[in-house]
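Enquirer: Below is the file my_file.pdb, with PDB, C-alpha atoms.
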ATOM      1  CA  MET A1473       0.000   0.000   0.000  1.00  0.00           C
ATOM      2  CA  GLN A1474       1.409   3.379  -1.036  1.00  0.00           C
ATOM      3  CA  GLN A1475       1.924   5.815   1.820  1.00  0.00           C
ATOM      4  CA  THR A1476       1.311   9.570   1.882  1.00  0.00           C
ATOM      5  CA  TYR A1477       3.887  12.163   2.900  1.00  0.00           C
ATOM      6  CA  ILE A1478       2.385  14.489   5.505  1.00  0.00           C
ATOM      7  CA  VAL A1479       3.704  17.914   6.578  1.00  0.00           C
ATOM      8  CA  ILE A1480       2.422  19.060   9.996  1.00  0.00           C
ATOM      9  CA  PRO A1481       3.481  22.732  10.386  1.00  0.00           C
ATOM     10  CA  LYS A1482       2.056  23.126  13.922  1.00  0.00           C
ATOM     11  CA  ASN A1483       4.588  20.580  15.200  1.00  0.00           C
ATOM     12  CA  CYS A1484       7.599  22.281  13.583  1.00  0.00           C
ATOM     13  CA  THR A1485       9.914  24.100  16.014  1.00  0.00           C
ATOM     14  CA  GLY A1486      12.267  25.366  13.309  1.00  0.00           C
ATOM     15  CA  CYS A1487      15.185  23.182  14.427  1.00  0.00           C
ATOM     16  CA  ARG A1488      15.999  22.397  10.769  1.00  0.00           C
ATOM     17  CA  THR A1489      16.997  18.815  11.588  1.00  0.00           C
ATOM     18  CA  CYS A1490      15.004  17.788   8.505  1.00  0.00           C
ATOM     19  CA  GLU A1491      17.231  19.966   6.300  1.00  0.00           C
ATOM     20  CA  LEU A1492      20.382  18.471   7.796  1.00  0.00           C
ATOM     21  CA  ALA A1493      19.101  14.891   7.447  1.00  0.00           C
ATOM     22  CA  CYS A1494      18.214  15.510   3.801  1.00  0.00           C
ATOM     23  CA  SER A1495      21.589  17.133   3.090  1.00  0.00           C
ATOM     24  CA  MET A1496      23.389  14.188   4.618  1.00  0.00           C
ATOM     25  CA  VAL A1497      21.409  11.629   2.607  1.00  0.00           C
ATOM     26  CA  LYS A1498      21.835  13.577  -0.635  1.00  0.00           C
ATOM     27  CA  GLY A1499      25.551  14.170  -0.102  1.00  0.00           C
ATOM     28  CA  VAL A1500      28.323  12.496  -2.067  1.00  0.00           C
ATOM     29  CA  ASN A1501      31.742  11.353  -0.831  1.00  0.00           C
ATOM     30  CA  GLY A1502      31.217  12.708   2.673  1.00  0.00           C
ATOM     31  CA  SER A1503      30.089  16.167   1.508  1.00  0.00           C
ATOM     32  CA  LEU A1504      26.657  17.564   2.314  1.00  0.00           C
ATOM     33  CA  GLY A1505      24.209  17.696  -0.588  1.00  0.00           C
ATOM     34  CA  HIS A1506      21.440  20.163  -1.378  1.00  0.00           C
ATOM     35  CA  SER A1507      18.496  19.720   0.955  1.00  0.00           C
ATOM     36  CA  ARG A1508      15.175  19.035  -0.761  1.00  0.00           C
ATOM     37  CA  ILE A1509      13.277  20.483   2.200  1.00  0.00           C
ATOM     38  CA  ARG A1510      13.463  24.009   3.570  1.00  0.00           C
ATOM     39  CA  VAL A1511      12.155  25.487   6.804  1.00  0.00           C
ATOM     40  CA  TYR A1512      10.979  29.096   6.921  1.00  0.00           C
ATOM     41  CA  PRO A1513       9.809  31.164   9.887  1.00  0.00           C
ATOM     42  CA  THR A1514       6.238  32.430   9.540  1.00  0.00           C
ATOM     43  CA  LYS A1515       5.043  34.326  12.625  1.00  0.00           C
ATOM     44  CA  GLU A1516       5.541  34.327  16.379  1.00  0.00           C
ATOM     45  CA  ASP A1517       7.816  31.298  16.589  1.00  0.00           C
ATOM     46  CA  ALA A1518       5.867  29.332  13.950  1.00  0.00           C
ATOM     47  CA  HIS A1519       7.602  27.595  11.062  1.00  0.00           C
ATOM     48  CA  MET A1520       6.647  26.058   7.729  1.00  0.00           C
ATOM     49  CA  GLN A1521       8.445  23.177   6.058  1.00  0.00           C
ATOM     50  CA  LEU A1522       8.463  23.379   2.276  1.00  0.00           C
ATOM     51  CA  THR A1523       9.158  20.350   0.122  1.00  0.00           C
ATOM     52  CA  CYS A1524       7.673  18.523  -2.828  1.00  0.00           C
ATOM     53  CA  LEU A1525       4.162  17.353  -2.041  1.00  0.00           C
ATOM     54  CA  GLN A1526       4.237  14.601  -4.716  1.00  0.00           C
ATOM     55  CA  CYS A1527       1.071  16.036  -6.297  1.00  0.00           C
ATOM     56  CA  ALA A1528      -1.445  13.611  -7.814  1.00  0.00           C
ATOM     57  CA  ASN A1529      -1.506  15.683 -11.016  1.00  0.00           C
ATOM     58  CA  ALA A1530       2.062  16.947 -10.867  1.00  0.00           C
ATOM     59  CA  ALA A1531       2.542  20.031 -13.031  1.00  0.00           C
ATOM     60  CA  CYS A1532       6.315  19.491 -13.055  1.00  0.00           C
ATOM     61  CA  ALA A1533       5.933  16.086 -14.704  1.00  0.00           C
ATOM     62  CA  ALA A1534       3.224  17.308 -17.085  1.00  0.00           C
ATOM     63  CA  VAL A1535       5.424  20.027 -18.614  1.00  0.00           C
ATOM     64  CA  CYS A1536       8.589  17.946 -18.932  1.00  0.00           C
ATOM     65  CA  PRO A1537       9.289  17.596 -22.668  1.00  0.00           C
ATOM     66  CA  THR A1538      11.453  14.480 -22.195  1.00  0.00           C
ATOM     67  CA  ASP A1539       9.452  12.565 -19.552  1.00  0.00           C
ATOM     68  CA  ALA A1540      12.359  12.945 -17.134  1.00  0.00           C
ATOM     69  CA  LEU A1541       9.963  13.206 -14.180  1.00  0.00           C
ATOM     70  CA  LYS A1542       8.102   9.983 -13.498  1.00  0.00           C
ATOM     71  CA  ARG A1543       6.146   8.640 -10.547  1.00  0.00           C
ATOM     72  CA  ASN A1544       7.735   5.703  -8.774  1.00  0.00           C
ATOM     73  CA  ASP A1545       4.880   3.227  -8.385  1.00  0.00           C
ATOM     74  CA  ALA A1546       6.372   1.725  -5.227  1.00  0.00           C
ATOM     75  CA  THR A1547       6.956   4.969  -3.283  1.00  0.00           C
ATOM     76  CA  GLY A1548       4.539   7.368  -4.979  1.00  0.00           C
ATOM     77  CA  ALA A1549       7.330   9.932  -5.421  1.00  0.00           C
ATOM     78  CA  ILE A1550       7.878  11.865  -8.629  1.00  0.00           C
ATOM     79  CA  GLU A1551      11.507  11.090  -9.407  1.00  0.00           C
ATOM     80  CA  VAL A1552      14.041  12.613 -11.801  1.00  0.00           C
ATOM     81  CA  ILE A1553      15.419  10.297 -14.477  1.00  0.00           C
ATOM     82  CA  GLN A1554      18.702  12.166 -14.849  1.00  0.00           C
ATOM     83  CA  ASP A1555      19.777  10.831 -18.240  1.00  0.00           C
ATOM     84  CA  ARG A1556      16.487  12.034 -19.775  1.00  0.00           C
ATOM     85  CA  CYS A1557      16.694  15.570 -18.338  1.00  0.00           C
ATOM     86  CA  ILE A1558      17.815  18.283 -20.764  1.00  0.00           C
ATOM     87  CA  GLY A1559      18.075  21.006 -18.090  1.00  0.00           C
ATOM     88  CA  CYS A1560      15.315  23.237 -19.480  1.00  0.00           C
ATOM     89  CA  SER A1561      13.983  24.003 -15.940  1.00  0.00           C
ATOM     90  CA  LEU A1562      10.342  24.048 -17.091  1.00  0.00           C
ATOM     91  CA  CYS A1563       9.570  21.808 -14.114  1.00  0.00           C
ATOM     92  CA  GLU A1564      10.786  24.471 -11.698  1.00  0.00           C
ATOM     93  CA  ALA A1565       8.618  27.119 -13.352  1.00  0.00           C
ATOM     94  CA  ALA A1566       5.572  24.830 -13.433  1.00  0.00           C
ATOM     95  CA  CYS A1567       5.481  23.910  -9.730  1.00  0.00           C
ATOM     96  CA  PRO A1568       2.597  26.000  -8.349  1.00  0.00           C
ATOM     97  CA  PHE A1569       4.056  25.800  -4.853  1.00  0.00           C
ATOM     98  CA  GLY A1570       7.680  26.668  -5.628  1.00  0.00           C
ATOM     99  CA  HIS A1571       8.887  23.432  -4.056  1.00  0.00           C
ATOM    100  CA  LEU A1572      11.051  22.254  -6.926  1.00  0.00           C
ATOM    101  CA  HIS A1573      14.461  23.859  -7.261  1.00  0.00           C
ATOM    102  CA  PHE A1574      17.119  23.613  -9.919  1.00  0.00           C
ATOM    103  CA  ASP A1575      20.813  22.895  -9.521  1.00  0.00           C
ATOM    104  CA  LYS A1576      22.187  25.204 -12.180  1.00  0.00           C
ATOM    105  CA  ARG A1577      25.691  23.786 -11.760  1.00  0.00           C
ATOM    106  CA  LYS A1578      24.542  20.250 -12.606  1.00  0.00           C
ATOM    107  CA  GLY A1579      21.653  21.302 -14.835  1.00  0.00           C
ATOM    108  CA  LEU A1580      19.210  19.064 -12.955  1.00  0.00           C
ATOM    109  CA  PRO A1581      16.081  19.550 -10.848  1.00  0.00           C
ATOM    110  CA  LEU A1582      16.396  19.126  -7.091  1.00  0.00           C
ATOM    111  CA  LYS A1583      13.233  17.556  -5.756  1.00  0.00           C
ATOM    112  CA  CYS A1584      12.249  15.221  -3.001  1.00  0.00           C
ATOM    113  CA  ASP A1585      12.195  11.550  -3.991  1.00  0.00           C
ATOM    114  CA  LEU A1586      11.041  10.405  -0.526  1.00  0.00           C
ATOM    115  CA  CYS A1587      14.424   8.705  -0.036  1.00  0.00           C
ATOM    116  CA  SER A1588      13.159   5.555  -1.759  1.00  0.00           C
ATOM    117  CA  GLY A1589      10.202   5.336   0.622  1.00  0.00           C
ATOM    118  CA  ASP A1590      11.995   6.124   3.897  1.00  0.00           C
ATOM    119  CA  PRO A1591      12.375   9.919   4.031  1.00  0.00           C
ATOM    120  CA  ALA A1592      15.282  10.937   6.258  1.00  0.00           C
ATOM    121  CA  CYS A1593      13.582  14.240   7.091  1.00  0.00           C
ATOM    122  CA  ALA A1594      10.619  12.434   8.665  1.00  0.00           C
ATOM    123  CA  ARG A1595      12.773   9.760  10.311  1.00  0.00           C
ATOM    124  CA  PHE A1596      14.920  12.331  12.127  1.00  0.00           C
ATOM    125  CA  CYS A1597      12.311  15.005  12.916  1.00  0.00           C
ATOM    126  CA  PRO A1598      12.287  15.185  16.734  1.00  0.00           C
ATOM    127  CA  GLU A1599       8.785  16.712  16.820  1.00  0.00           C
ATOM    128  CA  LYS A1600       7.136  14.423  14.233  1.00  0.00           C
ATOM    129  CA  ALA A1601       6.315  17.423  12.034  1.00  0.00           C
ATOM    130  CA  LEU A1602       6.877  15.217   8.974  1.00  0.00           C
ATOM    131  CA  GLU A1603       5.387  11.775   8.566  1.00  0.00           C
ATOM    132  CA  LEU A1604       4.946   9.039   6.036  1.00  0.00           C
ATOM    133  CA  ARG A1605       1.563   7.390   6.701  1.00  0.00           C
TER     134      ARG A1605
END
Using C-alpha cells, write down the structure from this file.

Expert:
Amino acid sequence: MQQTYIVIPKNCTGCRTCELACSMVKGVNGSLGHSRIRVYPTKEDAHMQLTCLQCANAACAAVCPTDALKRNDATGAIEVIQDRCIGCSLCEAACPFGHLHFDKRKGLPLKCDLCSGDPACARFCPEKALELR
C-alpha cells in the first residue's frame, strides 16, 4: 500500500533537523548535498516546512518535454530520471508551490524523492512534524 507524505506545520519548532538529514542523505563522498526540504519562519515562533508534495496531477511532470519526471509506483514519489533531463527548468517554473528547485551547476532539478520510501527528514524530525503514513 502506497503511503502519503504528511507535513504538519504546527509541530515544527524550526530546528531544521530535517534539512540536515536531507543534506546528509543527498551528499556524495562525505560532503553535504542540497536539501530538498526548507524550513521558513512564519510568525511568532511558527515555522513552515516546504518540500515537494508529490502532487497527484504533478505540473512538473506534465510540462517535462522528455518525460524525465516519473512517478515511482512503489513509493509514490515523482523522481528525476537524470539521463532524460535536458536542463530546461520548465519543471521548476511549473510547480505551483515553488517546491522544486534547480541545480544550475549540474543542470538538474532538485526535488524530493522520498528517499526511496523512507524519508530521512521524517525519520529524524524530533517533533514528528513530517510523517509518512

Enquirer: Identify all residues satisfying the PyMOL selection byres ((chain A and resi 1580) around 9) in the given file; provide them as a list in words.

Expert: Val1552, Gln1554, Cys1557, Ile1558, Gly1559, Cys1560, Ser1561, His1573, Phe1574, Asp1575, Lys1576, Arg1577, Lys1578, Gly1579, Pro1581 and Leu1582 of chain A

Enquirer: Selected residues, C-alpha atoms, written as a short mmCIF file (atom, residue, chain, number, x, y, z; two decimals), keeping the file's coordinate frame, please.

Expert:
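The new file part30.cif reads:
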data_model
loop_
_atom_site.label_atom_id
_atom_site.label_comp_id
_atom_site.auth_asym_id
_atom_site.auth_seq_id
_atom_site.Cartn_x
_atom_site.Cartn_y
_atom_site.Cartn_z
CA VAL A 1552 14.04 12.61 -11.80
CA GLN A 1554 18.70 12.17 -14.85
CA CYS A 1557 16.69 15.57 -18.34
CA ILE A 1558 17.82 18.28 -20.76
CA GLY A 1559 18.08 21.01 -18.09
CA CYS A 1560 15.32 23.24 -19.48
CA SER A 1561 13.98 24.00 -15.94
CA HIS A 1573 14.46 23.86 -7.26
CA PHE A 1574 17.12 23.61 -9.92
CA ASP A 1575 20.81 22.90 -9.52
CA LYS A 1576 22.19 25.20 -12.18
CA ARG A 1577 25.69 23.79 -11.76
CA LYS A 1578 24.54 20.25 -12.61
CA GLY A 1579 21.65 21.30 -14.84
CA PRO A 1581 16.08 19.55 -10.85
CA LEU A 1582 16.40 19.13 -7.09
#

Enquirer: Which is closer to Phe1596 of chain A than all the others in A:Ile1478, A:Cys1484, A:Thr1489, A:Thr1538, using all atoms listed in the file?

Expert: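 Closest to Phe1596 of chain A, using all atoms listed in the file: A:Thr1489.
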
Enquirer: For the file shown, what are the residues hit by the PyMOL selection byres ((chain A and resi 1545) around 12), laid out as a PyMOL selection string?

Expert: chain A and resi 1473-1475+1526+1542-1544+1546-1551+1585+1588-1589

Enquirer: How would the residues just chosen look if you wrote them out with C-alpha atoms as a CSV table (one decimal), keeping the file's coordinate frame?

Expert:
chain,number,residue,atom,x,y,z
A,1473,MET,CA,0.0,0.0,0.0
A,1474,GLN,CA,1.4,3.4,-1.0
A,1475,GLN,CA,1.9,5.8,1.8
A,1526,GLN,CA,4.2,14.6,-4.7
A,1542,LYS,CA,8.1,10.0,-13.5
A,1543,ARG,CA,6.1,8.6,-10.5
A,1544,ASN,CA,7.7,5.7,-8.8
A,1546,ALA,CA,6.4,1.7,-5.2
A,1547,THR,CA,7.0,5.0,-3.3
A,1548,GLY,CA,4.5,7.4,-5.0
A,1549,ALA,CA,7.3,9.9,-5.4
A,1550,ILE,CA,7.9,11.9,-8.6
A,1551,GLU,CA,11.5,11.1,-9.4
A,1585,ASP,CA,12.2,11.6,-4.0
A,1588,SER,CA,13.2,5.6,-1.8
A,1589,GLY,CA,10.2,5.3,0.6

Enquirer: From the options A:Lys1583, A:Lys1515, A:Gly1570, A:Cys1527, which residue's atoms come nearest to Lys1498 of chain A, counting all atoms listed in the file?

Expert: A:Lys1583

Enquirer: Could you please determine the separation between atom CA of His1519 of chain A and atom CA of Thr1476 of chain A in Å, to one decimal place?

Expert: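 Atom CA of Thr1476 of chain A lies at a distance of 21.2 Å from atom CA of His1519 of chain A.
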
Enquirer: Looking at only C-alpha atoms, which of A:Thr1485, A:Ser1495, A:Thr1514, A:Ser1503 is the one that sits closest to Cys1584 of chain A?

Expert: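 Of the candidates, the smallest distance to Cys1584 of chain A is held by A:Ser1495.
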
Enquirer: Given 5 Å of margin on each side, can you work out the centre and size in Å (one decimal) of an axis-aligned box holding every listed atom of segment 1550-1567 of chain A, as JSON?

Expert:
{"center_x": 12.6, "center_y": 18.7, "center_z": -14.7, "size_x": 24.3, "size_y": 26.8, "size_z": 22.1}

Enquirer: Residue by residue, what does the PyMOL selection byres ((chain A and resi 1508) around 12) grab here? Present the result as a PyMOL selection string.

Expert: chain A and resi 1490-1499+1504-1507+1509-1511+1521-1525+1570-1575+1581-1587+1591-1593
